[in-house]
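S.K.: Here you go, this is my_file-v3.cif (mmCIF, C-alpha atoms and all ligand atoms).
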```cif
data_query
loop_
_atom_site.group_PDB
_atom_site.id
_atom_site.type_symbol
_atom_site.label_atom_id
_atom_site.label_comp_id
_atom_site.auth_asym_id
_atom_site.auth_seq_id
_atom_site.Cartn_x
_atom_site.Cartn_y
_atom_site.Cartn_z
ATOM 1 C CA MET A 232 7.037 76.804 -12.859
ATOM 2 C CA SER A 233 9.531 77.793 -10.179
ATOM 3 C CA HIS A 234 12.624 79.587 -11.363
ATOM 4 C CA GLY A 235 14.650 78.375 -8.390
ATOM 5 C CA VAL A 236 17.461 80.629 -7.173
ATOM 6 C CA MET A 237 17.715 84.176 -8.574
ATOM 7 C CA PRO A 238 20.769 84.102 -10.829
ATOM 8 C CA ALA A 239 23.682 86.478 -10.389
ATOM 9 C CA LEU A 240 26.786 87.345 -12.376
ATOM 10 C CA VAL A 241 29.861 89.283 -11.263
ATOM 11 C CA ILE A 242 32.830 90.212 -13.475
ATOM 12 C CA HIS A 243 36.117 92.088 -13.294
ATOM 13 C CA GLY A 244 38.524 93.406 -15.886
ATOM 14 C CA GLY A 245 41.479 93.934 -13.592
ATOM 15 C CA ALA A 246 42.520 96.125 -10.688
ATOM 16 C CA GLY A 247 45.372 97.918 -12.453
ATOM 17 C CA VAL A 248 43.434 101.039 -13.317
ATOM 18 C CA ILE A 249 45.701 104.057 -13.181
ATOM 19 C CA ARG A 250 43.718 107.264 -13.001
ATOM 20 C CA LYS A 251 46.017 109.324 -15.202
ATOM 21 C CA ASP A 252 45.846 106.735 -18.019
ATOM 22 C CA MET A 253 42.042 106.737 -18.210
ATOM 23 C CA GLY A 254 40.777 109.248 -20.744
ATOM 24 C CA PRO A 255 37.002 109.571 -21.292
ATOM 25 C CA GLU A 256 37.116 107.572 -24.531
ATOM 26 C CA ARG A 257 38.940 104.642 -23.007
ATOM 27 C CA GLU A 258 36.652 104.734 -19.997
ATOM 28 C CA GLN A 259 33.590 104.595 -22.231
ATOM 29 C CA ALA A 260 35.002 101.708 -24.290
ATOM 30 C CA VAL A 261 35.868 99.719 -21.164
ATOM 31 C CA ARG A 262 32.431 100.279 -19.651
ATOM 32 C CA ALA A 263 30.792 99.157 -22.920
ATOM 33 C CA ALA A 264 32.889 95.973 -22.981
ATOM 34 C CA LEU A 265 31.975 95.193 -19.369
ATOM 35 C CA HIS A 266 28.284 95.690 -20.201
ATOM 36 C CA ALA A 267 28.593 93.348 -23.195
ATOM 37 C CA ALA A 268 30.220 90.672 -21.037
ATOM 38 C CA LEU A 269 27.482 90.994 -18.411
ATOM 39 C CA GLU A 270 24.777 90.714 -21.066
ATOM 40 C CA HIS A 271 26.265 87.599 -22.630
ATOM 41 C CA GLY A 272 26.817 85.852 -19.331
ATOM 42 C CA TYR A 273 23.468 86.784 -17.869
ATOM 43 C CA ALA A 274 21.624 85.672 -21.005
ATOM 44 C CA ALA A 275 22.990 82.177 -20.370
ATOM 45 C CA LEU A 276 21.687 82.246 -16.795
ATOM 46 C CA THR A 277 18.190 83.499 -17.684
ATOM 47 C CA ALA A 278 17.992 80.819 -20.379
ATOM 48 C CA GLY A 279 18.439 78.297 -17.572
ATOM 49 C CA ARG A 280 21.998 77.362 -18.477
ATOM 50 C CA SER A 281 24.726 76.593 -15.966
ATOM 51 C CA ALA A 282 26.948 78.922 -13.979
ATOM 52 C CA LEU A 283 29.865 77.411 -15.936
ATOM 53 C CA ASP A 284 28.245 78.466 -19.225
ATOM 54 C CA ALA A 285 27.715 81.996 -17.918
ATOM 55 C CA VAL A 286 31.323 82.313 -16.739
ATOM 56 C CA THR A 287 32.629 80.974 -20.056
ATOM 57 C CA ALA A 288 30.397 83.346 -22.064
ATOM 58 C CA ALA A 289 31.309 86.458 -20.064
ATOM 59 C CA ILE A 290 35.054 85.759 -20.086
ATOM 60 C CA THR A 291 35.060 84.985 -23.819
ATOM 61 C CA VAL A 292 33.715 88.509 -24.476
ATOM 62 C CA LEU A 293 36.403 90.058 -22.267
ATOM 63 C CA GLU A 294 39.165 87.942 -23.847
ATOM 64 C CA ASP A 295 38.094 89.110 -27.307
ATOM 65 C CA SER A 296 38.151 92.769 -26.254
ATOM 66 C CA PRO A 297 41.491 94.593 -26.701
ATOM 67 C CA HIS A 298 40.899 96.585 -23.504
ATOM 68 C CA PHE A 299 41.880 93.903 -21.001
ATOM 69 C CA ASN A 300 44.985 91.896 -20.255
ATOM 70 C CA ALA A 301 43.548 88.574 -21.422
ATOM 71 C CA GLY A 302 43.278 87.008 -24.873
ATOM 72 C CA ARG A 303 43.425 89.861 -27.401
ATOM 73 C CA GLY A 304 45.144 92.788 -25.680
ATOM 74 C CA ALA A 305 47.225 90.596 -23.362
ATOM 75 C CA VAL A 306 50.505 92.031 -22.081
ATOM 76 C CA PHE A 307 53.809 90.986 -23.642
ATOM 77 C CA THR A 308 56.530 88.854 -22.155
ATOM 78 C CA HIS A 309 60.097 90.131 -21.888
ATOM 79 C CA ASP A 310 60.857 88.747 -25.355
ATOM 80 C CA GLY A 311 57.733 90.152 -26.990
ATOM 81 C CA ARG A 312 55.387 87.163 -26.987
ATOM 82 C CA VAL A 313 52.110 86.506 -25.183
ATOM 83 C CA GLU A 314 51.780 83.647 -22.706
ATOM 84 C CA LEU A 315 48.220 83.244 -21.562
ATOM 85 C CA ASP A 316 46.900 81.656 -18.349
ATOM 86 C CA ALA A 317 43.305 80.760 -17.432
ATOM 87 C CA ALA A 318 41.284 78.639 -15.022
ATOM 88 C CA ILE A 319 37.693 77.647 -14.404
ATOM 89 C CA MET A 320 36.117 75.906 -11.420
ATOM 90 C CA ASP A 321 32.707 74.369 -10.780
ATOM 91 C CA GLY A 322 31.605 75.041 -7.209
ATOM 92 C CA ALA A 323 29.021 72.262 -7.141
ATOM 93 C CA THR A 324 31.478 69.464 -7.906
ATOM 94 C CA LEU A 325 34.885 71.046 -7.190
ATOM 95 C CA ARG A 326 35.938 70.077 -10.696
ATOM 96 C CA ALA A 327 38.505 72.446 -12.181
ATOM 97 C CA GLY A 328 40.522 73.013 -15.339
ATOM 98 C CA SER A 329 43.385 75.346 -16.103
ATOM 99 C CA VAL A 330 46.033 76.203 -18.663
ATOM 100 C CA ALA A 331 49.249 78.203 -18.425
ATOM 101 C CA GLY A 332 51.678 79.654 -20.938
ATOM 102 C CA VAL A 333 49.618 79.087 -24.086
ATOM 103 C CA GLU A 334 50.505 81.305 -27.047
ATOM 104 C CA HIS A 335 48.048 80.444 -29.819
ATOM 105 C CA VAL A 336 44.708 79.875 -28.084
ATOM 106 C CA ARG A 337 42.177 82.589 -28.850
ATOM 107 C CA ASN A 338 40.064 81.948 -25.735
ATOM 108 C CA PRO A 339 42.114 80.272 -23.007
ATOM 109 C CA ILE A 340 39.015 80.049 -20.773
ATOM 110 C CA ARG A 341 37.470 77.627 -23.281
ATOM 111 C CA LEU A 342 40.593 75.499 -23.251
ATOM 112 C CA ALA A 343 40.600 75.492 -19.430
ATOM 113 C CA ARG A 344 37.012 74.273 -19.526
ATOM 114 C CA ALA A 345 37.908 71.571 -22.053
ATOM 115 C CA VAL A 346 40.717 70.415 -19.732
ATOM 116 C CA MET A 347 38.144 70.124 -16.941
ATOM 117 C CA GLU A 348 35.499 68.379 -19.001
ATOM 118 C CA HIS A 349 37.451 66.324 -21.532
ATOM 119 C CA SER A 350 40.748 65.387 -19.919
ATOM 120 C CA PRO A 351 41.597 63.436 -16.770
ATOM 121 C CA HIS A 352 43.748 66.392 -15.611
ATOM 122 C CA VAL A 353 43.346 69.771 -13.948
ATOM 123 C CA MET A 354 46.262 71.794 -15.340
ATOM 124 C CA LEU A 355 48.061 71.714 -18.685
ATOM 125 C CA VAL A 356 50.925 73.992 -19.715
ATOM 126 C CA GLY A 357 52.586 75.336 -22.870
ATOM 127 C CA ALA A 358 53.019 73.146 -25.932
ATOM 128 C CA GLY A 359 51.209 70.219 -24.302
ATOM 129 C CA ALA A 360 48.164 72.354 -23.596
ATOM 130 C CA GLU A 361 48.154 73.510 -27.214
ATOM 131 C CA ALA A 362 48.456 69.922 -28.467
ATOM 132 C CA PHE A 363 45.401 69.106 -26.346
ATOM 133 C CA ALA A 364 43.598 72.172 -27.778
ATOM 134 C CA ARG A 365 44.082 70.741 -31.266
ATOM 135 C CA THR A 366 42.184 67.604 -30.230
ATOM 136 C CA GLN A 367 39.242 69.745 -29.069
ATOM 137 C CA ASP A 368 36.948 72.225 -30.752
ATOM 138 C CA ILE A 369 39.141 75.144 -29.656
ATOM 139 C CA ALA A 370 39.940 78.122 -31.909
ATOM 140 C CA LEU A 371 43.632 78.865 -32.365
ATOM 141 C CA ALA A 372 45.008 82.286 -33.305
ATOM 142 C CA GLU A 373 48.195 83.745 -34.759
ATOM 143 C CA PRO A 374 50.358 85.947 -32.479
ATOM 144 C CA SER A 375 49.155 89.003 -34.457
ATOM 145 C CA TRP A 376 45.599 88.475 -33.120
ATOM 146 C CA PHE A 377 46.760 89.258 -29.576
ATOM 147 C CA HIS A 378 48.964 92.252 -30.487
ATOM 148 C CA THR A 379 47.885 95.769 -29.472
ATOM 149 C CA GLU A 380 50.056 98.850 -29.806
ATOM 150 C CA GLU A 381 49.294 99.991 -26.260
ATOM 151 C CA ARG A 382 50.626 96.758 -24.743
ATOM 152 C CA TRP A 383 53.657 96.889 -27.009
ATOM 153 C CA GLN A 384 54.476 100.389 -25.741
ATOM 154 C CA GLN A 385 53.989 99.206 -22.137
ATOM 155 C CA LEU A 386 56.577 96.495 -22.757
ATOM 156 C CA GLN A 387 59.046 99.036 -24.192
ATOM 157 C CA GLU A 388 58.571 101.183 -21.095
ATOM 158 C CA THR A 389 59.115 98.204 -18.784
ATOM 159 C CA LEU A 390 62.258 97.213 -20.701
ATOM 160 C CA ARG A 391 63.593 100.769 -20.341
ATOM 161 C CA HIS A 392 63.029 100.605 -16.579
ATOM 162 C CA ASP A 393 64.740 97.187 -16.454
ATOM 163 C CA ALA A 394 67.706 98.488 -18.437
ATOM 164 C CA MET A 395 68.122 101.294 -15.917
ATOM 165 C CA GLY A 396 67.977 98.776 -13.096
ATOM 166 C CA GLU A 397 64.751 100.238 -11.757
ATOM 167 C CA HIS A 398 62.182 97.918 -10.360
ATOM 168 C CA ALA A 399 59.254 100.226 -10.760
ATOM 169 C CA GLU A 400 56.467 98.888 -8.614
ATOM 170 C CA ALA A 401 54.072 101.272 -10.339
ATOM 171 C CA ASP A 402 54.785 99.469 -13.547
ATOM 172 C CA HIS A 403 53.632 96.186 -12.187
ATOM 173 C CA VAL A 404 50.491 97.801 -10.837
ATOM 174 C CA ARG A 405 49.682 99.406 -14.142
ATOM 175 C CA HIS A 406 49.197 96.112 -15.895
ATOM 176 C CA PHE A 407 46.729 94.279 -13.668
ATOM 177 C CA GLY A 408 44.137 93.802 -16.379
ATOM 178 C CA THR A 409 43.220 90.187 -15.806
ATOM 179 C CA VAL A 410 39.571 89.315 -16.363
ATOM 180 C CA GLY A 411 37.313 87.153 -14.226
ATOM 181 C CA ALA A 412 33.692 86.090 -13.859
ATOM 182 C CA LEU A 413 31.580 84.434 -11.177
ATOM 183 C CA ALA A 414 28.059 83.114 -11.638
ATOM 184 C CA LEU A 415 25.211 81.691 -9.593
ATOM 185 C CA ASP A 416 22.702 79.770 -11.674
ATOM 186 C CA ARG A 417 19.047 78.940 -11.094
ATOM 187 C CA ALA A 418 19.976 75.567 -9.638
ATOM 188 C CA GLY A 419 22.063 77.385 -6.986
ATOM 189 C CA ARG A 420 25.403 76.301 -8.425
ATOM 190 C CA LEU A 421 28.401 78.636 -8.359
ATOM 191 C CA ALA A 422 31.278 78.821 -10.834
ATOM 192 C CA ALA A 423 34.422 80.961 -11.137
ATOM 193 C CA GLY A 424 36.808 81.717 -13.990
ATOM 194 C CA THR A 425 39.875 83.909 -14.526
ATOM 195 C CA SER A 426 41.955 84.648 -17.646
ATOM 196 C CA THR A 427 45.115 86.717 -18.034
ATOM 197 C CA GLY A 428 48.244 87.553 -19.951
ATOM 198 C CA GLY A 429 50.046 87.821 -16.612
ATOM 199 C CA MET A 430 52.520 90.623 -15.934
ATOM 200 C CA THR A 431 54.252 92.798 -18.550
ATOM 201 C CA GLY A 432 57.837 91.767 -19.218
ATOM 202 C CA LYS A 433 57.504 88.418 -17.445
ATOM 203 C CA ARG A 434 60.184 85.826 -18.220
ATOM 204 C CA TRP A 435 61.434 82.342 -17.543
ATOM 205 C CA GLY A 436 57.997 80.824 -17.997
ATOM 206 C CA ARG A 437 56.570 82.834 -15.100
ATOM 207 C CA VAL A 438 53.053 81.725 -14.160
ATOM 208 C CA GLY A 439 50.853 83.898 -11.957
ATOM 209 C CA ASP A 440 47.934 83.185 -9.691
ATOM 210 C CA ALA A 441 45.096 83.188 -12.226
ATOM 211 C CA PRO A 442 45.458 79.558 -13.407
ATOM 212 C CA VAL A 443 46.395 78.202 -9.993
ATOM 213 C CA ILE A 444 43.325 76.776 -8.317
ATOM 214 C CA GLY A 445 42.973 78.351 -4.884
ATOM 215 C CA ALA A 446 45.285 81.304 -5.642
ATOM 216 C CA GLY A 447 43.505 83.398 -8.297
ATOM 217 C CA THR A 448 40.446 81.235 -8.896
ATOM 218 C CA TRP A 449 38.150 79.239 -6.624
ATOM 219 C CA ALA A 450 34.542 78.053 -6.389
ATOM 220 C CA ASP A 451 32.823 75.777 -3.901
ATOM 221 C CA ALA A 452 29.245 75.340 -2.724
ATOM 222 C CA ARG A 453 29.333 78.516 -0.603
ATOM 223 C CA CYS A 454 31.277 81.060 -2.591
ATOM 224 C CA ALA A 455 33.192 81.804 -5.770
ATOM 225 C CA VAL A 456 36.280 84.024 -6.057
ATOM 226 C CA SER A 457 38.365 85.537 -8.868
ATOM 227 C CA GLY A 458 41.411 87.678 -8.113
ATOM 228 C CA THR A 459 43.376 90.325 -9.962
ATOM 229 C CA GLY A 460 46.601 91.859 -8.808
ATOM 230 C CA TRP A 461 50.229 91.101 -8.189
ATOM 231 C CA GLY A 462 49.981 87.361 -8.678
ATOM 232 C CA GLU A 463 52.970 86.344 -6.576
ATOM 233 C CA PHE A 464 51.152 87.582 -3.465
ATOM 234 C CA TYR A 465 47.942 85.774 -4.371
ATOM 235 C CA LEU A 466 49.994 82.594 -4.790
ATOM 236 C CA ARG A 467 51.783 83.031 -1.456
ATOM 237 C CA THR A 468 48.523 83.599 0.414
ATOM 238 C CA ALA A 469 46.381 81.077 -1.511
ATOM 239 C CA ALA A 470 44.155 84.140 -1.693
ATOM 240 C CA ALA A 471 41.016 82.806 -3.400
ATOM 241 C CA ALA A 472 40.813 79.631 -1.324
ATOM 242 C CA ARG A 473 41.635 81.585 1.835
ATOM 243 C CA ILE A 474 38.661 83.898 1.249
ATOM 244 C CA ALA A 475 36.393 80.889 0.639
ATOM 245 C CA LEU A 476 37.690 79.035 3.691
ATOM 246 C CA ARG A 477 37.054 82.049 5.905
ATOM 247 C CA VAL A 478 33.448 81.978 4.679
ATOM 248 C CA GLU A 479 33.167 78.223 5.255
ATOM 249 C CA LEU A 480 35.074 77.734 8.485
ATOM 250 C CA LEU A 481 34.687 81.092 10.235
ATOM 251 C CA GLY A 482 31.183 81.723 8.922
ATOM 252 C CA GLU A 483 32.196 85.224 7.792
ATOM 253 C CA PRO A 484 30.077 87.162 5.283
ATOM 254 C CA VAL A 485 31.830 87.304 1.886
ATOM 255 C CA ALA A 486 32.600 91.027 2.270
ATOM 256 C CA LEU A 487 34.450 90.511 5.542
ATOM 257 C CA ALA A 488 36.359 87.459 4.306
ATOM 258 C CA ALA A 489 37.410 89.272 1.116
ATOM 259 C CA GLN A 490 38.442 92.382 3.011
ATOM 260 C CA ALA A 491 40.634 90.408 5.401
ATOM 261 C CA VAL A 492 42.693 89.083 2.495
ATOM 262 C CA ILE A 493 42.580 91.933 -0.072
ATOM 263 C CA ASP A 494 42.848 94.865 2.337
ATOM 264 C CA GLY A 495 44.705 92.997 5.091
ATOM 265 C CA MET A 496 47.012 90.125 4.312
ATOM 266 C CA ILE A 497 48.079 91.003 0.750
ATOM 267 C CA PRO A 498 49.058 94.669 1.346
ATOM 268 C CA ALA A 499 50.731 93.662 4.621
ATOM 269 C CA LEU A 500 53.092 91.484 2.574
ATOM 270 C CA GLY A 501 53.709 94.271 0.037
ATOM 271 C CA GLY A 502 51.232 93.189 -2.656
ATOM 272 C CA SER A 503 48.239 94.926 -4.192
ATOM 273 C CA GLY A 504 45.139 94.177 -6.243
ATOM 274 C CA GLY A 505 41.515 93.229 -5.821
ATOM 275 C CA ALA A 506 39.015 90.395 -6.082
ATOM 276 C CA ILE A 507 35.379 89.666 -6.767
ATOM 277 C CA VAL A 508 33.451 87.289 -4.524
ATOM 278 C CA LEU A 509 29.954 85.859 -4.939
ATOM 279 C CA GLY A 510 28.163 83.926 -2.205
ATOM 280 C CA ALA A 511 25.593 81.174 -2.740
ATOM 281 C CA ASP A 512 23.079 83.523 -1.066
ATOM 282 C CA GLY A 513 23.705 86.097 -3.814
ATOM 283 C CA SER A 514 25.893 88.357 -1.656
ATOM 284 C CA ILE A 515 28.653 90.150 -3.556
ATOM 285 C CA ALA A 516 31.981 91.737 -2.560
ATOM 286 C CA MET A 517 34.390 93.586 -4.864
ATOM 287 C CA PRO A 518 37.264 94.987 -2.773
ATOM 288 C CA PHE A 519 40.419 96.498 -4.295
ATOM 289 C CA ASN A 520 43.322 98.519 -2.945
ATOM 290 C CA THR A 521 44.412 100.177 -6.221
ATOM 291 C CA ASP A 522 43.098 103.365 -7.911
ATOM 292 C CA GLY A 523 40.213 101.431 -9.415
ATOM 293 C CA MET A 524 39.000 98.032 -10.571
ATOM 294 C CA PHE A 525 37.015 97.411 -13.746
ATOM 295 C CA ARG A 526 33.994 95.519 -12.504
ATOM 296 C CA GLY A 527 30.343 94.759 -13.105
ATOM 297 C CA ARG A 528 27.466 92.768 -11.720
ATOM 298 C CA ILE A 529 23.899 91.722 -12.250
ATOM 299 C CA ALA A 530 22.330 90.616 -8.984
ATOM 300 C CA ALA A 531 18.790 89.532 -8.053
ATOM 301 C CA ASP A 532 17.220 92.762 -9.390
ATOM 302 C CA GLY A 533 18.451 91.866 -12.888
ATOM 303 C CA VAL A 534 19.923 95.357 -13.433
ATOM 304 C CA PRO A 535 23.455 95.535 -14.877
ATOM 305 C CA ASN A 536 25.842 97.728 -12.969
ATOM 306 C CA VAL A 537 29.354 98.623 -14.130
ATOM 307 C CA ALA A 538 31.969 100.537 -12.124
ATOM 308 C CA ILE A 539 35.635 101.516 -12.197
ATOM 309 C CA TRP A 540 36.291 103.857 -9.291
ATOM 310 C CA ASN A 541 35.380 103.404 -5.654
ATOM 311 C CA ASP A 542 31.689 103.243 -4.761
ATOM 312 C CA ALA A 543 31.525 106.788 -3.374
ATOM 313 C CA GLU A 544 33.004 108.269 -6.542
ATOM 314 C CA GLU A 545 30.774 106.140 -8.803
ATOM 315 C CA ALA A 546 27.711 107.365 -6.859
ATOM 316 C CA ARG A 547 28.868 110.995 -7.221
ATOM 317 C CA ARG A 548 29.320 110.570 -10.973
ATOM 318 C CA ALA A 549 25.863 109.016 -11.324
ATOM 319 C CA CYS A 550 24.223 112.139 -9.801
HETATM 320 N N1 LIG B 601 47.107 88.374 -11.315
HETATM 321 C C1 LIG B 601 47.699 88.467 -12.627
HETATM 322 C C2 LIG B 601 49.050 87.799 -12.593
HETATM 323 O O1 LIG B 601 49.806 88.028 -11.677
HETATM 324 C C3 LIG B 601 47.856 89.858 -13.111
HETATM 325 C C4 LIG B 601 46.583 90.657 -13.158
HETATM 326 O O2 LIG B 601 45.724 90.547 -12.288
HETATM 327 O O3 LIG B 601 46.437 91.429 -14.121
HETATM 328 O O4 LIG B 601 49.372 87.100 -13.524
#
```
In structure tokens, how does this file's structure come out?
Ligand code: ASP
M.R.:
Amino acid sequence: MSHGVMPALVIHGGAGVIRKDMGPEREQAVRAALHAALEHGYAALTAGRSALDAVTAAITVLEDSPHFNAGRGAVFTHDGRVELDAAIMDGATLRAGSVAGVEHVRNPIRLARAVMEHSPHVMLVGAGAEAFARTQDIALAEPSWFHTEERWQQLQETLRHDAMGEHAEADHVRHFGTVGALALDRAGRLAAGTSTGGMTGKRWGRVGDAPVIGAGTWADARCAVSGTGWGEFYLRTAAAARIALRVELLGEPVALAAQAVIDGMIPALGGSGGAIVLGADGSIAMPFNTDGMFRGRIAADGVPNVAIWNDAEEARRAC
């Protein structure tokens, strides 16, 4: 029996890695969580399930981990709540689902998928999205489920900066911990998903790029993209769709297309962050312009690979 296309899975846990905040214990815990997400997602692909299933499985693991800014461990809003955003997209059909500003949904990626599969809509927000969740088989959670002390302290620090009138850019950078996953299944279908708590101290119902199709999340027949970074810049550049359109219309390899946006357009406007990109031919790009980006992949060789720092440093550490 032919196994069709060799499956692949690519994940990220955010590009807001600050070197001085990464002790050895935290680094080990983050790497273990990335490995677990890769295992869960890849198991779906080797069992012959869809790219959508693999993306959902991998992101669910990352949302349940306290180490990333998504689901449990999400950053706090200005008034001490969590407001979660997520999106999923099926490259084969261009179907998509997303949610923004949900406060009681344990795994927003599952709700985004339910929006795609069981509603006539693409995007639901706030109380309406949660009312829809209650009509589906979607687990809800109390605010205490999402609370971590580290995020709470980050909010206090941001509030102190705000009170002093400082707009500390470094503070925004620190909290890029969004998670994302891309998969290529045996039938050659691509899917992308992204889930986040957004930016620490956000207010006024701020929504970032992650749940906006074409900004933080995109999948079509040729490539899948998930972004992490200062969302306003990903929104203004339609970053994920722009990368995919460069691949489609200019015929660029995914690495070149991703670089043009992540290392070119976004920093030129004053933004920062990273992205993961997976092509239908199995090619992978993971550019970032911050200290590091939590990331992992399993490509055609079936070997899981997890990294935080730039490739040269990861290679040095492996020696
Ligand atoms: N892109 C996310 C947002 O702006 C933040 C992140 O990547 O952590 O909401």
S.K.: Expand the PyMOL selection byres (((chain A and resi 309) around 7) and not hetatm) into the explicit residue set it covers here, and present it as a VMD selection string.
M.R.: chain A and resid 307 to 308 310 to 311 432 to 434
S.K.: Just write the chosen residues, C-alpha atoms, as a short mmCIF file (atom, residue, chain, number, x, y, z; two decimals), in the coordinates of the input.
M.R.:
```
data_model
loop_
_atom_site.label_atom_id
_atom_site.label_comp_id
_atom_site.auth_asym_id
_atom_site.auth_seq_id
_atom_site.Cartn_x
_atom_site.Cartn_y
_atom_site.Cartn_z
CA PHE A 307 53.81 90.99 -23.64
CA THR A 308 56.53 88.85 -22.16
CA ASP A 310 60.86 88.75 -25.36
CA GLY A 311 57.73 90.15 -26.99
CA GLY A 432 57.84 91.77 -19.22
CA LYS A 433 57.50 88.42 -17.44
CA ARG A 434 60.18 85.83 -18.22
#
```
S.K.: For this file, the PyMOL selection byres (((chain A and resi 332) around 6) and not hetatm) selects which residues, as a list in words?
M.R.: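 Applied to this file, the PyMOL selection byres (((chain A and resi 332) around 6) and not hetatm) returns Glu314, Leu315, Asp316, Ala331, Val333, Val356 and Gly357 of chain A.
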S.K.: For the residues selected in the previous step, produce a file with C-alpha atoms as a tab-separated table (two decimals), in the frame of the given file.
M.R.:
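Okay, selection12.tsv is ready:
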```tsv
chain	number	residue	atom	x	y	z
A	314	GLU	CA	51.78	83.65	-22.71
A	315	LEU	CA	48.22	83.24	-21.56
A	316	ASP	CA	46.90	81.66	-18.35
A	331	ALA	CA	49.25	78.20	-18.42
A	333	VAL	CA	49.62	79.09	-24.09
A	356	VAL	CA	50.92	73.99	-19.72
A	357	GLY	CA	52.59	75.34	-22.87
```
S.K.: Taking all atoms listed in the file and a cut-off of 7 Å, can you tell me which residues surround ligand LIG 601 (chain B), written as a tab-separated table (two decimals) with C-alpha atoms, in the coordinates of the input?
M.R.:
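So out.tsv came out as:
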```tsv
chain	number	residue	atom	x	y	z
A	245	GLY	CA	41.48	93.93	-13.59
A	246	ALA	CA	42.52	96.12	-10.69
A	247	GLY	CA	45.37	97.92	-12.45
A	300	ASN	CA	44.98	91.90	-20.26
A	406	HIS	CA	49.20	96.11	-15.90
A	407	PHE	CA	46.73	94.28	-13.67
A	408	GLY	CA	44.14	93.80	-16.38
A	409	THR	CA	43.22	90.19	-15.81
A	427	THR	CA	45.12	86.72	-18.03
A	428	GLY	CA	48.24	87.55	-19.95
A	429	GLY	CA	50.05	87.82	-16.61
A	430	MET	CA	52.52	90.62	-15.93
A	438	VAL	CA	53.05	81.72	-14.16
A	439	GLY	CA	50.85	83.90	-11.96
A	440	ASP	CA	47.93	83.18	-9.69
A	441	ALA	CA	45.10	83.19	-12.23
A	447	GLY	CA	43.50	83.40	-8.30
A	458	GLY	CA	41.41	87.68	-8.11
A	459	THR	CA	43.38	90.32	-9.96
A	460	GLY	CA	46.60	91.86	-8.81
A	461	TRP	CA	50.23	91.10	-8.19
A	462	GLY	CA	49.98	87.36	-8.68
A	463	GLU	CA	52.97	86.34	-6.58
```
S.K.: With distances taken over all atoms listed in the file, which residue among A:Ala452, A:Ala469, A:Ala343, A:Met524 lies nearest Glu545 (chain A)?
M.R.: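 Once distances to Glu545 (chain A) are computed over all atoms listed in the file, the minimum belongs to A:Met524.
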S.K.: Here's the selection I'm unsure about, the PyMOL selection byres (((chain A and resi 344) around 9) and not hetatm); applied to the file above, which residues does it give, as a VMD selection string?
M.R.: chain A and resid 283 287 318 to 320 327 to 329 339 to 343 345 to 349
S.K.: Which one is closest to Ile515 (chain A): A:Ala486, A:Glu270, A:His378, A:Leu293? Count only C-alpha atoms.
M.R.: A:Ala486
S.K.: For region 260-310 of chain A versus region 359-375 of chain A, which residues have an atom no more than 12 Å away, and what is each residue's nearest atom pair and distance in Å rounded to one decimal, using only C-alpha atoms, chain-then-number order, as a Markdown table?
M.R.:
```
| residue | atom | partner | partner_atom | distance |
| --- | --- | --- | --- | --- |
| A:Thr291 | CA | A:Ala370 | CA | 11.7 |
| A:Asp295 | CA | A:Ala372 | CA | 11.4 |
| A:Gly302 | CA | A:Ala372 | CA | 9.8 |
| A:Arg303 | CA | A:Ser375 | CA | 9.1 |
| A:Gly304 | CA | A:Ser375 | CA | 10.4 |
| A:Ala305 | CA | A:Pro374 | CA | 10.7 |
| A:Phe307 | CA | A:Pro374 | CA | 10.7 |
```
S.K.: Hey, which of A:Pro297, A:Gly254, A:Pro518, A:Gly513 ends up closest to Ala531 (chain A)? Count only C-alpha atoms.
M.R.: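 Once distances to Ala531 (chain A) are computed over only C-alpha atoms, the minimum belongs to A:Gly513.
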S.K.: For a test of reading the model, state the distance in Å between CA of Ile493 (chain A) and CA of Ala506 (chain A), rounded to one decimal.
M.R.: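 Taking CA of Ile493 (chain A) and CA of Ala506 (chain A), their separation equals 7.2 Å.
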S.K.: Work out how far apart CA of Val292 (chain A) and CA of Ala268 (chain A) are and give it in Å to one decimal.
M.R.: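 These atoms are spaced 5.4 Å apart.
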S.K.: Report, in Å with one decimal, the straight-line distance from CA of Leu509 (chain A) to CA of Leu325 (chain A).
M.R.: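 One can read the CA of Leu509 (chain A) to CA of Leu325 (chain A) distance as 15.8 Å.
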S.K.: When you look at Arg250 (chain A) with a cut-off of 10 Å (counting all atoms listed in the file), what residues show up, excluding the ones that are within fewer than 4 positions of it in the same chain? I need them as a list in words.
M.R.: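 Contacts, in chain order: Gly254, Arg405, Thr521, Asp522, Gly523, Ile539 and Trp540 of chain A.
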S.K.: Take the residues from that selection and put them in a file with C-alpha atoms, as an mmCIF file, in the frame of the given file.
M.R.:
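Contents of result17.cif, as written:
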```cif
data_model
loop_
_atom_site.group_PDB
_atom_site.id
_atom_site.type_symbol
_atom_site.label_atom_id
_atom_site.label_comp_id
_atom_site.auth_asym_id
_atom_site.auth_seq_id
_atom_site.Cartn_x
_atom_site.Cartn_y
_atom_site.Cartn_z
ATOM 1 C CA GLY A 254 40.777 109.248 -20.744
ATOM 2 C CA ARG A 405 49.682 99.406 -14.142
ATOM 3 C CA THR A 521 44.412 100.177 -6.221
ATOM 4 C CA ASP A 522 43.098 103.365 -7.911
ATOM 5 C CA GLY A 523 40.213 101.431 -9.415
ATOM 6 C CA ILE A 539 35.635 101.516 -12.197
ATOM 7 C CA TRP A 540 36.291 103.857 -9.291
#
```
S.K.: A:Gly502, A:Val306, A:Cys454, A:Pro535: which is nearest Ala516 (chain A), counting only C-alpha atoms?
M.R.: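 Answer, going by the shortest atom-to-atom distance: A:Cys454.
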S.K.: Region 248-260 of chain A, all listed atoms, 8 Å padding on each side: what axis-aligned box centre and edge lengths in Å to one decimal come out, as lines of an AutoDock Vina configuration file?
M.R.:
```
center_x = 39.8
center_y = 105.3
center_z = -18.8
size_x = 28.4
size_y = 24.5
size_z = 27.5
```
